[in-house]
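J.: Enclosed is the structure file run.cif (mmCIF, C-alpha atoms and all ligand atoms).
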```cif
data_input
loop_
_atom_site.group_PDB
_atom_site.id
_atom_site.type_symbol
_atom_site.label_atom_id
_atom_site.label_comp_id
_atom_site.auth_asym_id
_atom_site.auth_seq_id
_atom_site.Cartn_x
_atom_site.Cartn_y
_atom_site.Cartn_z
ATOM 1 C CA MET B 807 -28.454 2.117 -26.611
ATOM 2 C CA HIS B 808 -29.639 -1.422 -25.890
ATOM 3 C CA ARG B 809 -29.679 -0.724 -22.163
ATOM 4 C CA LYS B 810 -31.574 2.507 -22.750
ATOM 5 C CA VAL B 811 -34.227 0.761 -24.842
ATOM 6 C CA ARG B 812 -34.535 -2.019 -22.256
ATOM 7 C CA GLU B 813 -34.890 0.464 -19.404
ATOM 8 C CA THR B 814 -37.480 2.481 -21.321
ATOM 9 C CA ARG B 815 -39.504 -0.675 -21.957
ATOM 10 C CA LEU B 816 -39.239 -1.753 -18.327
ATOM 11 C CA ASP B 817 -40.304 1.714 -17.201
ATOM 12 C CA HIS B 818 -43.285 1.539 -19.546
ATOM 13 C CA ALA B 819 -44.187 -1.917 -18.216
ATOM 14 C CA HIS B 820 -44.045 -0.591 -14.627
ATOM 15 C CA LYS B 821 -46.292 2.337 -15.511
ATOM 16 C CA THR B 822 -48.761 0.137 -17.385
ATOM 17 C CA ALA B 823 -48.895 -2.341 -14.506
ATOM 18 C CA LEU B 824 -49.386 0.457 -11.972
ATOM 19 C CA ARG B 825 -52.176 1.997 -14.027
ATOM 20 C CA LEU B 826 -53.937 -1.380 -14.357
ATOM 21 C CA VAL B 827 -53.740 -1.983 -10.617
ATOM 22 C CA ARG B 828 -54.641 1.592 -9.637
ATOM 23 C CA ASP B 829 -57.686 1.802 -11.912
ATOM 24 C CA ASN B 830 -59.135 -1.649 -11.251
ATOM 25 C CA GLN B 831 -60.187 -3.634 -8.179
ATOM 26 C CA ALA B 832 -59.364 -6.864 -9.958
ATOM 27 C CA VAL B 833 -57.169 -7.734 -12.921
ATOM 28 C CA TYR B 834 -57.524 -11.016 -14.765
ATOM 29 C CA ALA B 835 -55.105 -12.134 -17.437
ATOM 30 C CA GLU B 836 -54.672 -14.919 -19.880
ATOM 31 C CA ASP B 837 -51.544 -16.773 -18.875
ATOM 32 C CA ILE B 838 -48.812 -16.910 -21.461
ATOM 33 C CA ALA B 839 -48.663 -20.687 -21.652
ATOM 34 C CA VAL B 840 -52.402 -20.735 -22.169
ATOM 35 C CA ALA B 841 -52.474 -17.915 -24.682
ATOM 36 C CA GLY B 842 -49.617 -19.615 -26.524
ATOM 37 C CA LEU B 843 -51.819 -22.604 -27.217
ATOM 38 C CA ALA B 844 -54.064 -20.437 -29.306
ATOM 39 C CA ARG B 845 -51.307 -18.555 -31.123
ATOM 40 C CA THR B 846 -49.364 -21.493 -32.527
ATOM 41 C CA ARG B 847 -46.906 -20.327 -35.163
ATOM 42 C CA LEU B 848 -47.611 -16.655 -34.537
ATOM 43 C CA ALA B 849 -45.981 -16.944 -31.118
ATOM 44 C CA LYS B 850 -42.968 -14.699 -30.708
ATOM 45 C CA SER B 851 -40.616 -15.293 -27.814
ATOM 46 C CA VAL B 852 -39.801 -11.581 -27.370
ATOM 47 C CA HIS B 853 -43.488 -10.746 -27.251
ATOM 48 C CA ASP B 854 -44.034 -13.601 -24.800
ATOM 49 C CA ALA B 855 -41.206 -12.368 -22.559
ATOM 50 C CA ARG B 856 -42.674 -8.856 -22.387
ATOM 51 C CA TRP B 857 -46.158 -10.200 -21.704
ATOM 52 C CA ALA B 858 -44.757 -12.398 -18.921
ATOM 53 C CA GLN B 859 -42.892 -9.384 -17.489
ATOM 54 C CA LEU B 860 -46.026 -7.218 -17.560
ATOM 55 C CA LEU B 861 -48.036 -9.932 -15.804
ATOM 56 C CA ARG B 862 -45.319 -10.353 -13.176
ATOM 57 C CA LEU B 863 -45.159 -6.604 -12.478
ATOM 58 C CA THR B 864 -48.959 -6.366 -12.371
ATOM 59 C CA GLU B 865 -49.121 -9.272 -9.930
ATOM 60 C CA GLU B 866 -46.503 -7.631 -7.667
ATOM 61 C CA LYS B 867 -48.309 -4.308 -7.620
ATOM 62 C CA ALA B 868 -51.702 -5.948 -7.087
ATOM 63 C CA GLN B 869 -50.318 -7.692 -4.001
ATOM 64 C CA HIS B 870 -48.781 -4.455 -2.764
ATOM 65 C CA TYR B 871 -51.994 -2.473 -3.149
ATOM 66 C CA GLY B 872 -54.382 -5.192 -2.021
ATOM 67 C CA ARG B 873 -56.012 -5.725 -5.381
ATOM 68 C CA THR B 874 -57.019 -9.003 -6.927
ATOM 69 C CA PHE B 875 -54.818 -10.420 -9.642
ATOM 70 C CA ALA B 876 -55.468 -13.807 -11.192
ATOM 71 C CA ARG B 877 -54.432 -15.683 -14.266
ATOM 72 C CA ILE B 878 -57.065 -17.646 -16.092
ATOM 73 C CA GLY B 879 -56.129 -21.133 -15.015
ATOM 74 C CA ARG B 880 -57.589 -23.054 -17.910
ATOM 75 C CA PHE B 881 -57.721 -22.856 -21.641
ATOM 76 C CA GLU B 882 -60.530 -20.649 -22.854
ATOM 77 C CA PRO B 883 -60.974 -19.920 -26.556
ATOM 78 C CA THR B 884 -61.491 -16.294 -25.554
ATOM 79 C CA SER B 885 -61.443 -14.921 -29.081
ATOM 80 C CA GLN B 886 -63.876 -17.534 -30.428
ATOM 81 C CA VAL B 887 -66.687 -17.420 -27.902
ATOM 82 C CA CYS B 888 -69.464 -14.819 -28.096
ATOM 83 C CA SER B 889 -69.375 -12.891 -24.810
ATOM 84 C CA GLY B 890 -73.083 -12.191 -25.244
ATOM 85 C CA CYS B 891 -74.637 -15.629 -25.702
ATOM 86 C CA GLY B 892 -71.686 -17.960 -25.005
ATOM 87 C CA VAL B 893 -71.787 -19.759 -28.330
ATOM 88 C CA LYS B 894 -68.403 -20.816 -29.721
ATOM 89 C CA ASP B 895 -68.263 -19.172 -33.112
ATOM 90 C CA GLY B 896 -65.073 -20.844 -34.296
ATOM 91 C CA PRO B 897 -61.491 -19.718 -34.897
ATOM 92 C CA LYS B 898 -60.814 -16.418 -36.611
ATOM 93 C CA PRO B 899 -57.631 -15.266 -38.285
ATOM 94 C CA LEU B 900 -55.876 -12.368 -36.519
ATOM 95 C CA SER B 901 -56.802 -10.100 -39.431
ATOM 96 C CA VAL B 902 -60.449 -10.346 -38.377
ATOM 97 C CA ARG B 903 -60.850 -7.429 -35.948
ATOM 98 C CA THR B 904 -64.653 -7.426 -35.700
ATOM 99 C CA TRP B 905 -67.128 -10.223 -36.199
ATOM 100 C CA ALA B 906 -70.824 -10.924 -35.834
ATOM 101 C CA CYS B 907 -71.995 -13.887 -33.766
ATOM 102 C CA ALA B 908 -73.764 -16.398 -36.009
ATOM 103 C CA ALA B 909 -76.062 -17.398 -33.142
ATOM 104 C CA CYS B 910 -77.257 -14.090 -31.648
ATOM 105 C CA GLY B 911 -76.073 -11.523 -34.211
ATOM 106 C CA ALA B 912 -74.076 -9.444 -31.736
ATOM 107 C CA VAL B 913 -71.200 -7.574 -33.380
ATOM 108 C CA HIS B 914 -67.936 -7.807 -31.445
ATOM 109 C CA ASP B 915 -64.603 -6.041 -31.442
ATOM 110 C CA ARG B 916 -62.230 -8.991 -31.300
ATOM 111 C CA ASP B 917 -60.144 -7.745 -28.346
ATOM 112 C CA VAL B 918 -63.048 -6.335 -26.323
ATOM 113 C CA ASN B 919 -64.966 -9.588 -26.722
ATOM 114 C CA ALA B 920 -61.931 -11.620 -25.633
ATOM 115 C CA ALA B 921 -61.439 -9.286 -22.649
ATOM 116 C CA LYS B 922 -65.064 -9.810 -21.580
ATOM 117 C CA ASN B 923 -64.583 -13.575 -21.729
ATOM 118 C CA ILE B 924 -61.367 -13.338 -19.686
ATOM 119 C CA LEU B 925 -63.125 -11.163 -17.100
ATOM 120 C CA ALA B 926 -66.013 -13.631 -16.867
ATOM 121 C CA ALA B 927 -63.618 -16.577 -16.486
ATOM 122 C CA GLY B 928 -61.603 -14.702 -13.851
ATOM 123 C CA ARG B 929 -64.720 -13.883 -11.844
ATOM 124 C CA ALA B 930 -65.935 -17.467 -12.115
ATOM 125 C CA ASP B 931 -62.571 -18.682 -10.780
ATOM 126 C CA ASN B 932 -62.465 -16.029 -8.025
ATOM 127 C CA PRO B 933 -66.034 -15.658 -6.737
ATOM 128 C CA ASN B 934 -64.988 -13.797 -3.580
ATOM 129 C CA ALA B 935 -62.527 -11.405 -5.198
ATOM 130 C CA CYS B 936 -64.798 -8.372 -5.092
ATOM 131 C CA GLY B 937 -66.616 -7.329 -1.953
ATOM 132 C CA ALA B 938 -64.047 -9.020 0.264
ATOM 133 C CA GLY B 939 -64.012 -5.982 2.553
ATOM 134 C CA VAL B 940 -61.792 -2.950 2.885
ATOM 135 C CA ARG B 941 -58.163 -3.827 2.521
ATOM 136 C CA PRO B 942 -55.521 -1.756 4.301
ATOM 137 C CA HIS B 943 -53.506 -0.653 1.280
ATOM 138 C CA LEU B 944 -56.464 0.219 -0.929
ATOM 139 C CA ALA B 945 -56.273 3.986 -0.448
ATOM 140 C CA ALA B 946 -52.538 4.174 -1.066
ATOM 141 C CA ALA B 947 -52.599 3.123 -4.697
ATOM 142 C CA GLY B 948 -52.295 6.630 -6.097
ATOM 143 C CA ALA B 949 -48.572 7.027 -6.174
ATOM 144 C CA GLU B 950 -45.480 4.938 -6.089
ATOM 145 C CA ALA B 951 -41.990 6.260 -5.587
ATOM 146 C CA GLY B 952 -39.552 5.031 -8.181
ATOM 147 C CA THR B 953 -40.329 2.679 -11.001
ATOM 148 C CA HIS B 954 -37.355 0.357 -10.873
ATOM 149 C CA ARG B 955 -37.993 -1.630 -7.724
ATOM 150 C CA SER B 956 -37.803 -4.948 -9.521
ATOM 151 C CA ALA B 957 -34.924 -6.340 -11.479
ATOM 152 C CA ALA B 958 -35.532 -6.772 -15.178
HETATM 153 ZN ZN ZN P 1001 -73.783 -14.613 -29.618
#
```
Now, as a test, write the supplied structure out as structure tokens.
Ligand SMILES: [Zn+2]
T.:
Amino acid sequence: MHRKVRETRLDHAHKTALRLVRDNQAVYAEDIAVAGLARTRLAKSVHDARWAQLLRLTEEKAQHYGRTFARIGRFEPTSQVCSGCGVKDGPKPLSVRTWACAACGAVHDRDVNAAKNILAAGRADNPNACGAGVRPHLAAAGAEAGTHRSAA
């Protein structure tokens, strides 16, 4: 049963990674060590291990299909900064799912706002990622035979 659950999770991680790489020219992610700084006592090692696995699989597939994959290489308080005006609005407990920026009044979904900040940081770190020309494997990203190429 344990093996079955593990294989199902790995299969799901492969499919998620493939979908991310297939549907996007560039994928930027908060690195686990960096994200961990912000999570403090909420950090869970099992969660961290799965996140690390998903990032690893996404990175592998991005390389294979000629897409850009990058980890945000510095600490960004991605859930505290308003993606609209850039003002740091301060820490928010995880129970806060939406919030309004005190500076510009924009109302944010917590995760969407953080994703926008990660995207902006990734683009700032990788200015030539998009528009780098046609890459040879770009058209082949539609299908992949087998989902267990990598060891767990
Ligand atoms: Zn704002």
J.: State, in Å with one decimal place, the distance from CA of Ala858 (chain B) to CA of Ala832 (chain B).
T.: 18.0 Å
J.: Around ligand ZN 1001 (chain P), which protein and nucleic acid residues have at least one atom no more than 12 Å from it, if we count all atoms listed in the file? List them as a list in words.
T.: Gln886, Val887, Cys888, Ser889, Gly890, Cys891, Gly892, Val893, Lys894, Asp895, Gly896, Trp905, Ala906, Cys907, Ala908, Ala909, Cys910, Gly911, Ala912, Val913, His914 and Asn919 of chain B
J.: So which residues touch Ile878 (chain B) within 8 Å, counting all atoms listed in the file, skipping near sequence neighbours fewer than 4 positions away, as a PyMOL selection string?
T.: chain B and resi 834-837+924+927-928+931
J.: What lies within 10 Å of Val918 (chain B) using all atoms listed in the file, ignoring chain neighbours under 3 positions off, as number ranges by chain?
T.: B: 885, 889, 903-904, 914-915, 921-924
J.: Can you work out the spacing between CA of Thr874 (chain B) and CA of Gln859 (chain B) in Å, to one decimal?
T.: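 Separating CA of Thr874 (chain B) from CA of Gln859 (chain B) is a distance of 17.6 Å.
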J.: Could you state which residues are captured by the PyMOL selection byres (((chain B and resi 818-827) around 7) and not hetatm) in this file, as a ChimeraX atom specification?
T.: /B:814-817,828-830,860,863-864,867-868,873,953
J.: Output the selection as an mmCIF file, in the frame of the given file - C-alpha atoms for each residue.
T.:
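Writing the result to again.cif gives the following:
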```cif
data_model
loop_
_atom_site.group_PDB
_atom_site.id
_atom_site.type_symbol
_atom_site.label_atom_id
_atom_site.label_comp_id
_atom_site.auth_asym_id
_atom_site.auth_seq_id
_atom_site.Cartn_x
_atom_site.Cartn_y
_atom_site.Cartn_z
ATOM 1 C CA THR B 814 -37.480 2.481 -21.321
ATOM 2 C CA ARG B 815 -39.504 -0.675 -21.957
ATOM 3 C CA LEU B 816 -39.239 -1.753 -18.327
ATOM 4 C CA ASP B 817 -40.304 1.714 -17.201
ATOM 5 C CA ARG B 828 -54.641 1.592 -9.637
ATOM 6 C CA ASP B 829 -57.686 1.802 -11.912
ATOM 7 C CA ASN B 830 -59.135 -1.649 -11.251
ATOM 8 C CA LEU B 860 -46.026 -7.218 -17.560
ATOM 9 C CA LEU B 863 -45.159 -6.604 -12.478
ATOM 10 C CA THR B 864 -48.959 -6.366 -12.371
ATOM 11 C CA LYS B 867 -48.309 -4.308 -7.620
ATOM 12 C CA ALA B 868 -51.702 -5.948 -7.087
ATOM 13 C CA ARG B 873 -56.012 -5.725 -5.381
ATOM 14 C CA THR B 953 -40.329 2.679 -11.001
#
```
J.: So how many Å separate CA of Pro933 (chain B) and CA of Arg862 (chain B), to one decimal?
T.: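 Separation between CA of Pro933 (chain B) and CA of Arg862 (chain B): 22.3 Å.
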J.: Mind giving me the axis-aligned box for region 863-870 of chain B with 8 Å on every side, centre plus edges in Å to one decimal, as AutoDock Vina command-line options?
T.:
```
--center_x -48.4 --center_y -6.8 --center_z -7.6 --size_x 22.5 --size_y 21.0 --size_z 25.7
```
